[in-house]
Amino acid sequence: MRLLFALFFFAFNLCAQEAVWYKSLESALENPSQVYQLQLKRQGFTSFPEALSQFPNLVKLDLSKNKIQSFPASLSYLSKLTFLDLSRNDISEIPKHISQLESLEYLDLWDNYINVLPKEIRQLKNLKQLDIRGVAMSYQNYNRYLVLLKSVDVFMSEPCDCQE
C-alpha cells in the first residue's frame with residue numbers, strides 16, 4: 001500500500017510540475033531539469049536567451065512580444081519542444097534548421113517580418129498548427145504554403161498584391 005501511495009504521489013507531483021509556467025528565467029534556472037513550460041514574453045530579448053540550452057525537459061516556450069530578430073545557430077537543444085510562440089517579434093527569416101525541432105506541434109509566428117518560409121518546415125512531421133497571420137505575403141506564396149503544409153492547420157492573413 002505504501003508503494004502504491006508513493007508511486008501515486010510521485011506521478012501527481014510530476015504532473016503538477018509539468019503544468020507550471022515559469023515566468024522568470026532566473027527562477028527557472030534554480031532547478032532547470034524541472035522546467036517544462038517557460039513564458040518569457042515582454043522581456044526585451046533581441047535573441048533567444050543562451051540559458052535555454054540548460055532546460056533539457058522544456059516542452060513549451062513562449063517568447064512572444066519581445067524584439068527577437070533571429071534564431072540561434074542550433075535548435076537541437078530544444079528537442080522536446082512541442083509549443084513555440086514567437087509572435088510579435090522582429091523575426092524576418094525562418095532558418096532551414098527549424099527542422100531540428102522534431103517534436104514541434106504548434107508554431108506561432110504571427111505578426112513578424114517574415115517574407116518566406118523555408119521548405120524544411122515540412123520536415124516538422126508533428127506540426128499540427130502554424131500561425132503566420134499578420135505576415136504580408138503574395139498570392140503565390142500563400143498558395144504555395146497551403147500545398148506545402150497541407151496536413152497542418154495554417155492560420156494566414158489574406159494574401160496581397162505585395163512585392164516578393
# chains A, B, ... in the order shown; residues from 1 in each chain; ligands from 1

$ select_by_dssp --residues "chain A" --states "strand (DSSP E or B)" --output "ChimeraX atom specification"
/A:21-22,37-39,60-62,83-85,106-108,129-132,138,153-156,160

$ residues_around --residues "stretch 95-102 of chain A" --least-positions-apart "6" --cutoff "8 Å" --atoms "only C-alpha atoms" --output "ChimeraX atom specification"
/A:71,73-76,78-81,118-126

$ residues_around --residues "stretch 42-48 of chain A" --least-positions-apart "2" --cutoff "8 Å" --atoms "only C-alpha atoms" --output "list in words"
Leu40, Glu50, Leu52, Leu63, Ser64, Lys65, Asn66, Lys67, Ile68, Gln69, Ser70, Phe71 and Pro72 of chain A

$ closest_residue --among "A:Tyr113, A:Tyr139, A:Phe55, A:Trp21" --to "A:Lys41" --atoms "only C-alpha atoms"
A:Trp21

$ select_by_dssp --residues "chain A" --states "helix (DSSP H, G or I)" --output "ChimeraX atom specification"
/A:2-18,25-28,32-34,50-54,76-78,96-100,119-123,139-148
